[in-house]
$ cat run00.txt   # compact mmCIF, C-alpha atoms and all ligand atoms
# COMPACT_ATOMS: atom_id res chain seq x y z
CA ALA A 1 80.93 -34.48 48.71
CA THR A 2 78.24 -32.29 50.29
CA MET A 3 77.36 -29.30 48.17
CA PRO A 4 78.43 -25.93 49.60
CA PRO A 5 75.37 -24.03 50.94
CA LEU A 6 75.41 -21.31 48.27
CA LEU A 7 75.56 -23.89 45.48
CA SER A 8 72.68 -25.90 46.87
CA ALA A 9 70.79 -22.60 47.25
CA ILE A 10 71.39 -22.03 43.51
CA ALA A 11 70.02 -25.49 42.80
CA ASN A 12 66.99 -24.77 45.00
CA SER A 13 66.48 -21.43 43.27
CA GLY A 14 66.33 -23.38 40.02
CA ARG A 15 63.49 -25.44 41.47
CA HIS A 16 61.67 -22.19 42.22
CA GLY A 17 62.15 -21.17 38.60
CA VAL A 18 65.01 -18.73 39.14
CA LEU A 19 68.29 -18.86 37.28
CA VAL A 20 70.86 -17.33 39.64
CA LYS A 21 73.96 -16.52 37.63
CA SER A 22 76.66 -17.05 40.27
CA ALA A 23 77.38 -17.90 43.90
CA VAL A 24 78.24 -14.23 44.50
CA VAL A 25 74.74 -13.26 43.33
CA MET A 26 73.21 -15.99 45.46
CA GLU A 27 74.95 -14.45 48.45
CA ARG A 28 74.03 -10.84 47.63
CA LEU A 29 70.31 -11.65 47.28
CA GLY A 30 70.11 -12.23 51.02
CA GLN A 31 71.63 -8.83 51.79
CA VAL A 32 68.88 -6.76 50.18
CA ASP A 33 66.65 -4.69 52.44
CA ALA A 34 64.75 -2.61 49.87
CA VAL A 35 62.98 -3.61 46.66
CA ALA A 36 62.16 -1.53 43.59
CA LEU A 37 59.61 -3.12 41.26
CA ASP A 38 58.92 -2.14 37.67
CA LYS A 39 55.24 -1.99 36.73
CA THR A 40 54.52 -3.10 33.18
CA GLY A 41 55.45 -6.75 32.74
CA THR A 42 56.74 -7.08 36.28
CA LEU A 43 53.97 -6.17 38.73
CA THR A 44 51.45 -6.60 35.92
CA GLU A 45 50.95 -9.56 33.61
CA GLY A 46 52.55 -7.67 30.78
CA THR A 47 49.84 -8.74 28.37
CA PRO A 48 47.99 -5.44 28.21
CA ARG A 49 45.04 -5.11 25.86
CA VAL A 50 43.90 -2.22 23.72
CA THR A 51 40.43 -1.42 25.02
CA VAL A 52 39.82 2.10 23.66
CA LEU A 53 40.58 3.60 20.23
CA ARG A 54 40.04 7.34 19.86
CA PRO A 55 41.01 8.87 16.54
CA LEU A 56 41.03 12.66 16.91
CA PRO A 57 38.33 14.40 14.81
CA ASP A 58 40.87 16.40 12.78
CA SER A 59 42.84 13.29 11.81
CA GLY A 60 40.16 12.00 9.46
CA LEU A 61 41.07 8.47 10.57
CA THR A 62 38.70 5.68 11.50
CA GLU A 63 39.43 3.51 14.55
CA GLY A 64 40.72 0.78 12.25
CA GLN A 65 42.99 3.16 10.32
CA LEU A 66 44.44 4.55 13.55
CA LEU A 67 45.12 1.05 14.84
CA ARG A 68 46.64 -0.07 11.53
CA LEU A 69 49.13 2.82 11.41
CA ALA A 70 50.07 2.38 15.08
CA ALA A 71 50.45 -1.39 14.80
CA ALA A 72 52.62 -1.15 11.69
CA ALA A 73 54.95 1.26 13.50
CA GLU A 74 54.98 -0.85 16.69
CA HIS A 75 55.50 -4.15 14.88
CA PRO A 76 59.32 -4.27 15.29
CA SER A 77 59.13 -3.35 19.01
CA GLU A 78 59.29 -5.92 21.79
CA HIS A 79 57.60 -3.59 24.31
CA PRO A 80 54.48 -5.09 25.96
CA LEU A 81 52.42 -2.09 24.81
CA ALA A 82 53.66 -2.62 21.25
CA ARG A 83 52.63 -6.27 21.40
CA ALA A 84 49.19 -5.22 22.62
CA VAL A 85 48.76 -2.85 19.69
CA VAL A 86 49.87 -5.46 17.15
CA ALA A 87 47.62 -8.11 18.75
CA ALA A 88 44.63 -5.75 18.57
CA ALA A 89 45.29 -5.15 14.87
CA ARG A 90 45.56 -8.90 14.24
CA ALA A 91 42.32 -9.50 16.14
CA ARG A 92 40.60 -7.12 13.71
CA GLY A 93 42.13 -8.91 10.76
CA LEU A 94 44.11 -5.83 9.67
CA ALA A 95 46.98 -6.44 7.26
CA LEU A 96 50.01 -4.45 8.42
CA PRO A 97 52.17 -2.58 5.92
CA ASP A 98 55.94 -2.73 6.40
CA ALA A 99 57.49 -0.07 8.62
CA GLU A 100 60.65 1.71 7.49
CA ASP A 101 63.23 3.70 9.48
CA PHE A 102 62.05 2.19 12.77
CA THR A 103 63.48 3.78 15.94
CA SER A 104 62.70 3.01 19.54
CA THR A 105 63.35 5.18 22.61
CA PRO A 106 63.02 3.38 25.97
CA GLY A 107 60.39 5.00 28.17
CA VAL A 108 59.12 7.15 25.31
CA GLY A 109 57.92 5.12 22.34
CA VAL A 110 58.66 4.31 18.71
CA THR A 111 58.82 6.07 15.36
CA ALA A 112 58.60 4.63 11.85
CA THR A 113 57.57 5.49 8.33
CA VAL A 114 54.33 3.76 7.34
CA ASP A 115 52.72 4.27 3.92
CA GLY A 116 55.04 7.24 3.48
CA ARG A 117 53.80 8.90 6.69
CA LYS A 118 56.00 9.54 9.70
CA ILE A 119 54.29 7.78 12.58
CA ALA A 120 55.23 8.08 16.25
CA VAL A 121 53.56 6.01 18.97
CA GLY A 122 54.19 6.38 22.68
CA SER A 123 53.81 8.34 25.90
CA PRO A 124 51.55 11.40 25.50
CA ALA A 125 53.73 13.28 27.98
CA ARG A 126 57.02 12.49 26.27
CA LEU A 127 56.37 11.95 22.60
CA LEU A 128 55.84 15.59 21.71
CA SER A 129 58.18 17.12 24.27
CA GLY A 130 61.28 16.71 22.11
CA SER A 131 61.99 17.51 18.49
CA GLU A 132 58.38 17.30 17.36
CA GLY A 133 57.72 20.25 19.68
CA ALA A 134 54.91 22.35 18.39
CA HIS A 135 51.89 20.48 19.74
CA GLY A 136 53.34 20.03 23.23
CA SER A 137 50.81 19.68 26.00
CA GLU A 138 47.94 21.41 24.23
CA GLY A 139 45.30 20.03 21.95
CA ALA A 140 42.47 17.54 22.02
CA HIS A 141 44.76 14.58 22.64
CA THR A 142 45.69 15.87 26.11
CA ALA A 143 42.12 15.77 27.40
CA VAL A 144 41.49 12.35 25.89
CA ALA A 145 44.70 10.96 27.40
CA ALA A 146 43.88 12.38 30.86
CA GLU A 147 40.40 10.87 30.71
CA LEU A 148 41.78 7.43 29.82
CA GLU A 149 44.49 7.62 32.52
CA ASP A 150 41.92 8.55 35.17
CA GLY A 151 40.16 5.35 34.19
CA GLY A 152 43.34 3.35 34.97
CA HIS A 153 44.45 3.02 31.35
CA THR A 154 47.86 3.65 29.93
CA ALA A 155 47.19 6.26 27.27
CA VAL A 156 49.27 5.84 24.13
CA LEU A 157 49.43 8.71 21.66
CA VAL A 158 49.67 8.24 17.90
CA VAL A 159 51.25 11.09 15.94
CA ALA A 160 51.14 11.24 12.14
CA ASP A 161 53.48 13.64 10.31
CA GLY A 162 53.99 15.66 13.49
CA THR A 163 50.28 16.05 14.29
CA PRO A 164 48.42 14.10 17.02
CA ALA A 165 46.14 11.62 15.24
CA GLY A 166 44.61 9.65 18.07
CA VAL A 167 44.93 8.10 21.50
CA MET A 168 44.66 4.42 22.45
CA GLY A 169 43.68 3.22 25.92
CA ILE A 170 45.58 0.13 27.01
CA ALA A 171 44.80 -1.76 30.19
CA ASP A 172 46.91 -4.29 32.03
CA ARG A 173 46.17 -6.48 35.04
CA LEU A 174 48.13 -7.18 38.19
CA ARG A 175 49.80 -10.56 38.18
CA PRO A 176 47.74 -13.06 40.21
CA ASP A 177 50.62 -13.36 42.70
CA ALA A 178 51.46 -9.62 42.85
CA THR A 179 49.68 -8.77 46.09
CA ALA A 180 50.98 -11.83 47.96
CA THR A 181 54.51 -11.17 46.68
CA VAL A 182 54.42 -7.54 47.79
CA ALA A 183 53.28 -8.72 51.24
CA SER A 184 56.13 -11.29 51.44
CA LEU A 185 58.73 -8.73 50.36
CA THR A 186 57.38 -6.25 52.90
CA ALA A 187 57.71 -8.87 55.63
CA LEU A 188 61.23 -9.88 54.53
CA THR A 189 62.69 -6.38 54.22
CA GLY A 190 60.58 -4.49 56.75
CA THR A 191 59.47 -1.95 54.12
CA ALA A 192 56.96 -2.15 51.30
CA PRO A 193 58.54 -2.19 47.82
CA THR A 194 58.80 0.98 45.74
CA LEU A 195 57.13 1.05 42.32
CA VAL A 196 59.36 2.55 39.62
CA THR A 197 57.58 3.03 36.33
CA GLY A 198 57.71 4.97 33.11
CA ASP A 199 53.93 4.95 32.98
CA ASN A 200 51.72 7.84 34.02
CA PRO A 201 51.19 8.62 37.75
CA ARG A 202 47.43 8.09 37.67
CA ALA A 203 47.40 4.58 36.23
CA ALA A 204 50.49 3.67 38.30
CA ALA A 205 49.04 4.82 41.64
CA ARG A 206 45.80 2.98 41.00
CA LEU A 207 47.54 -0.30 40.27
CA ALA A 208 50.06 0.11 43.10
CA ALA A 209 47.31 0.63 45.67
CA GLU A 210 45.71 -2.64 44.54
CA ALA A 211 48.99 -4.44 45.21
CA GLY A 212 49.69 -2.80 48.59
CA ILE A 213 52.33 -0.34 47.40
CA THR A 214 52.23 3.33 48.41
CA ASP A 215 55.68 4.55 47.35
CA VAL A 216 55.13 5.18 43.64
CA ARG A 217 57.67 6.85 41.35
CA ALA A 218 56.00 7.36 37.96
CA GLY A 219 56.89 8.98 34.65
CA LEU A 220 60.48 7.75 34.98
CA LEU A 221 62.96 7.44 32.15
CA PRO A 222 65.56 4.67 32.39
CA GLN A 223 68.09 6.99 34.08
CA ASP A 224 65.42 8.18 36.53
CA LYS A 225 64.99 4.57 37.66
CA VAL A 226 68.74 4.53 38.36
CA ALA A 227 68.35 7.77 40.35
CA ALA A 228 65.55 6.17 42.41
CA VAL A 229 67.87 3.25 43.21
CA ARG A 230 70.69 5.65 44.17
CA GLU A 231 68.34 7.57 46.43
CA LEU A 232 67.41 4.40 48.32
CA GLU A 233 71.12 3.50 48.55
CA GLN A 234 71.90 6.90 50.02
CA ALA A 235 69.37 6.10 52.73
CA GLY A 236 71.61 3.12 53.50
CA ARG A 237 69.59 0.42 51.74
CA LYS A 238 70.78 -2.46 49.61
CA VAL A 239 68.36 -2.40 46.73
CA LEU A 240 66.93 -5.30 44.77
CA VAL A 241 65.53 -4.19 41.40
CA VAL A 242 63.04 -6.41 39.56
CA GLY A 243 62.25 -5.51 35.96
CA ASP A 244 61.66 -6.84 32.48
CA GLY A 245 62.29 -4.10 29.96
CA VAL A 246 65.11 -2.46 28.04
CA ASN A 247 64.17 0.59 30.13
CA ASP A 248 64.97 -1.36 33.31
CA ALA A 249 68.46 -2.45 32.25
CA PRO A 250 70.36 0.56 33.69
CA ALA A 251 68.57 0.18 37.06
CA LEU A 252 69.15 -3.59 37.03
CA ALA A 253 72.85 -2.88 36.53
CA ALA A 254 73.00 -0.13 39.17
CA ALA A 255 71.19 -2.11 41.85
CA HIS A 256 72.86 -4.16 44.56
CA THR A 257 71.12 -7.10 42.87
CA GLY A 258 68.92 -7.20 39.77
CA ILE A 259 66.33 -9.81 38.84
CA ALA A 260 64.78 -9.93 35.37
CA MET A 261 61.40 -11.38 34.47
CA GLY A 262 62.60 -13.90 31.91
CA ARG A 263 59.45 -15.24 30.32
CA ALA A 264 58.69 -12.16 28.29
CA GLY A 265 61.59 -9.94 29.32
CA SER A 266 63.81 -8.15 26.85
CA ASP A 267 67.17 -9.70 25.98
CA LEU A 268 68.99 -6.70 27.43
CA ALA A 269 67.24 -7.06 30.81
CA LEU A 270 68.03 -10.78 30.89
CA GLU A 271 71.69 -10.19 30.10
CA THR A 272 72.07 -7.31 32.54
CA ALA A 273 70.30 -8.89 35.51
CA ASP A 274 72.10 -11.01 38.12
CA ALA A 275 69.28 -13.53 38.15
CA VAL A 276 66.39 -14.41 35.84
CA ILE A 277 62.93 -15.73 36.70
CA VAL A 278 62.23 -18.30 34.01
CA ARG A 279 58.62 -18.87 35.08
CA ASP A 280 55.93 -16.32 34.44
CA GLU A 281 55.60 -15.56 38.18
CA LEU A 282 56.67 -12.91 40.67
CA ALA A 283 56.49 -15.10 43.79
CA PRO A 284 60.00 -16.57 43.22
CA VAL A 285 61.50 -13.16 44.18
CA PRO A 286 60.92 -13.43 47.96
CA ALA A 287 61.62 -17.17 47.70
CA VAL A 288 65.21 -16.65 46.48
CA VAL A 289 65.86 -13.89 49.01
CA ALA A 290 64.82 -16.31 51.76
CA LEU A 291 66.95 -19.10 50.24
CA SER A 292 69.97 -16.81 50.19
CA ARG A 293 69.51 -15.80 53.80
CA ARG A 294 69.30 -19.44 54.86
CA ALA A 295 72.44 -20.33 52.88
CA ARG A 296 74.35 -17.36 54.29
CA ARG A 297 73.55 -18.47 57.81
CA LEU A 298 75.11 -21.83 56.96
CA VAL A 299 78.17 -20.27 55.33
CA VAL A 300 79.10 -17.87 58.14
P1 LIG A 401 57.35 0.53 32.71
O1 LIG A 401 58.44 1.25 33.43
O2 LIG A 401 56.05 0.56 33.48
O3 LIG A 401 57.73 -0.88 32.32
P2 LIG A 401 58.12 1.76 30.20
O4 LIG A 401 59.21 2.62 30.74
O5 LIG A 401 58.51 0.58 29.39
O6 LIG A 401 57.07 1.33 31.36
O7 LIG A 401 57.20 2.68 29.34
C1 LIG A 401 56.83 3.90 29.87
C2 LIG A 401 55.88 4.62 28.95
O8 LIG A 401 56.54 4.89 27.71
C3 LIG A 401 54.68 3.79 28.60
O9 LIG A 401 53.66 3.91 29.55
C4 LIG A 401 54.31 4.40 27.26
O10 LIG A 401 53.60 5.59 27.48
C5 LIG A 401 55.65 4.75 26.64
N1 LIG A 401 56.17 3.72 25.74
C6 LIG A 401 57.39 3.14 25.78
N2 LIG A 401 57.57 2.28 24.76
C7 LIG A 401 56.40 2.28 24.06
C8 LIG A 401 55.94 1.60 22.89
N3 LIG A 401 56.69 0.73 22.21
N4 LIG A 401 54.69 1.86 22.50
C9 LIG A 401 53.90 2.72 23.15
N5 LIG A 401 54.29 3.41 24.24
C10 LIG A 401 55.51 3.21 24.68
MG MG A 402 58.44 -3.17 32.28

$ encode --input "run00.txt" --output "structure tokens" --more "lines below"
Ligand code: ADP
Ligand code: MG
Amino acid sequence: ATMPPLLSAIANSGRHGVLVKSAVVMERLGQVDAVALDKTGTLTEGTPRVTVLRPLPDSGLTEGQLLRLAAAAEHPSEHPLARAVVAAARARGLALPDAEDFTSTPGVGVTATVDGRKIAVGSPARLLSGSEGAHGSEGAHTAVAAELEDGGHTAVLVVADGTPAGVMGIADRLRPDATATVASLTALTGTAPTLVTGDNPRAAARLAAEAGITDVRAGLLPQDKVAAVRELEQAGRKVLVVGDGVNDAPALAAAHTGIAMGRAGSDLALETADAVIVRDELAPVPAVVALSRRARRLVV
């Protein structure tokens, strides 16, 4: 028998490195007319590197001590920034103590007890805005973080026992196929994709411009990414979300169609998404949209 068009489109998607989970998904992919892309691990390679270590003067920590505490706390996390911190510690030959009471908050950061000290590592804007209050947006760490972000870094704050101890500058690169993929998606949908990211506006805008994206929504928590999708829907669009993180899962679920970056994506993103890119590439996204449109023309 000849294979039905949507099934052969699924087979073809497989050749492009995309696991499409059902014929319904294969069909929906061709209906999308707006795309929301996550930044870290999706538009970027997701292998960011720690390039700056700035212990704050009052912390009494050396660069190595700051990195050791941060890496120990980040060790259980699967976040790309956490991996960067752990990799930097390994590269310096630092032995990492065990972390206890590890917690992770998507879009914010992690906390853990290391050497009896309560360590928090994460977004300078969010880490101190909650229960750890007191230090808020003041203090030396704010100026250091702003300086690093202006330079295109993601600034990651390290807090020890409730007091800012240092800031790390982490830099990530666009995927080699990011710019071409953004151009293809723009041609396919008639609008440039929207960048939805939990990272800071400065670093996000800089990277987006490089890729040909002007609509940048930064500083978003997972539910804010959902709100961005809803906003596009209210404008009558059918939204394709592409993401890799735990923080992308709600938006992947809320979208008309969700695609997860599978190579280094979180389990939750892979389970929630309608399709998974099993290669470490972004280019398969427009490819499967085009395959779906072709199949749909054959079906109807
Ligand atoms: P994106 O949406 O670009 O993938 P995330 O929402 O995963 O980014 O993260 C947003 C911000 O939250 C990061 O830029 C960082 O400041 C902070 N963050 C989240 N998880 C971690 C972590 N494990 N370590 C350090 N910072 C983190
Ligand atoms: Mg991400």

$ residues_around --input "run00.txt" --residues "A:Thr257" --least-positions-apart "5" --cutoff "7 Å" --atoms "all atoms listed in the file" --output "mmCIF file with C-alpha atoms, in the coordinates of the input"
data_model
loop_
_atom_site.group_PDB
_atom_site.id
_atom_site.type_symbol
_atom_site.label_atom_id
_atom_site.label_comp_id
_atom_site.auth_asym_id
_atom_site.auth_seq_id
_atom_site.Cartn_x
_atom_site.Cartn_y
_atom_site.Cartn_z
ATOM 1 C CA ARG A 28 74.030 -10.840 47.630
ATOM 2 C CA LEU A 29 70.310 -11.650 47.280
ATOM 3 C CA VAL A 239 68.360 -2.400 46.730
ATOM 4 C CA LEU A 240 66.930 -5.300 44.770
ATOM 5 C CA VAL A 241 65.530 -4.190 41.400
ATOM 6 C CA ASP A 274 72.100 -11.010 38.120
#

$ residues_near_point --input "run00.txt" --point "(54.0, 3.7, 47.7)" --cutoff "12 Å" --atoms "all atoms listed in the file" --output "list in words"
Val35, Ala36, Leu37, Val182, Thr186, Thr191, Ala192, Pro193, Thr194, Leu195, Val196, Thr197, Pro201, Ala204, Ala205, Arg206, Leu207, Ala208, Ala209, Glu210, Ala211, Gly212, Ile213, Thr214, Asp215, Val216, Arg217 and Ala218 of chain A

$ residues_near_ligand --input "run00.txt" --ligand "ligand LIG 401 (chain A)" --cutoff "7 Å" --atoms "all atoms listed in the file" --output "PyMOL selection string"
chain A and resi 38-41+74+77+79+81-82+104-110+121-124+154-156+196-200+219-222+245+247

$ atom_distance --input "run00.txt" --atom1 "atom CA of A:Gly30" --atom2 "atom CA of A:Val289"
5.0 Å

$ atom_distance --input "run00.txt" --atom1 "atom CA of A:Ala253" --atom2 "atom CA of A:Val288"
18.6 Å

$ atom_distance --input "run00.txt" --atom1 "atom CA of A:Asp248" --atom2 "atom CA of A:Pro80"
13.3 Å

$ residues_around --input "run00.txt" --residues "A:Pro55" --least-positions-apart "2" --cutoff "12 Å" --atoms "only C-alpha atoms" --output "PyMOL selection string"
chain A and resi 52-53+57-70+140-141+144-145+156-160+163-169

$ closest_residue --input "run00.txt" --among "A:Ser22, A:Thr44, A:Thr272, A:Thr111" --to "ligand MG 402 (chain A)" --atoms "only C-alpha atoms and all ligand atoms"
A:Thr44

$ residues_around --input "run00.txt" --residues "A:Ala171" --least-positions-apart "6" --cutoff "10 Å" --atoms "only C-alpha atoms" --output "JSON, numbers by chain"
{"A": [46, 47, 48, 49, 50, 51, 52, 81, 84, 148, 149, 151, 152, 153, 154, 155, 203]}

$ residues_around --input "run00.txt" --residues "A:Asp161" --least-positions-apart "6" --cutoff "10 Å" --atoms "all atoms listed in the file" --output "list in words"
Thr113, Gly116, Arg117, Lys118, Ile119, Ala120 and Glu132 of chain A

$ closest_residue --input "run00.txt" --among "A:Gly162, A:Gly190, A:Pro250, A:Pro176" --to "A:Leu43" --atoms "only C-alpha atoms"
A:Pro176

$ closest_residue --input "run00.txt" --among "A:Leu127, A:Val246, A:Val18, A:Val24" --to "ligand MG 402 (chain A)" --atoms "all atoms listed in the file"
A:Val246

$ closest_residue --input "run00.txt" --among "A:Ala183, A:Glu27, A:Ala9, A:Thr189" --to "A:His256" --atoms "all atoms listed in the file"
A:Glu27

$ closest_residue --input "run00.txt" --among "A:Thr42, A:Ala251, A:Lys238, A:Asp101" --to "ligand MG 402 (chain A)" --atoms "all atoms listed in the file"
A:Thr42

$ residues_around --input "run00.txt" --residues "A:Pro97" --least-positions-apart "5" --cutoff "8 Å" --atoms "all atoms listed in the file" --output "list in words"
Ala72, Val114 and Asp115 of chain A

$ write_last_selection --input "run00.txt" --atoms "C-alpha atoms" --output "mmCIF file, in the frame of the given file"
data_model
loop_
_atom_site.group_PDB
_atom_site.id
_atom_site.type_symbol
_atom_site.label_atom_id
_atom_site.label_comp_id
_atom_site.auth_asym_id
_atom_site.auth_seq_id
_atom_site.Cartn_x
_atom_site.Cartn_y
_atom_site.Cartn_z
ATOM 1 C CA ALA A 72 52.620 -1.150 11.690
ATOM 2 C CA VAL A 114 54.330 3.760 7.340
ATOM 3 C CA ASP A 115 52.720 4.270 3.920
#

$ closest_residue --input "run00.txt" --among "A:Ala249, A:Val276, A:Ala143, A:Ala255" --to "ligand MG 402 (chain A)" --atoms "all atoms listed in the file"
A:Ala249

$ axis_aligned_box --input "run00.txt" --around "stretch 151-157 of chain A" --padding-each-side "3 Å" --output "JSON"
{"center_x": 44.8, "center_y": 5.9, "center_z": 28.3, "size_x": 15.3, "size_y": 11.7, "size_z": 19.3}
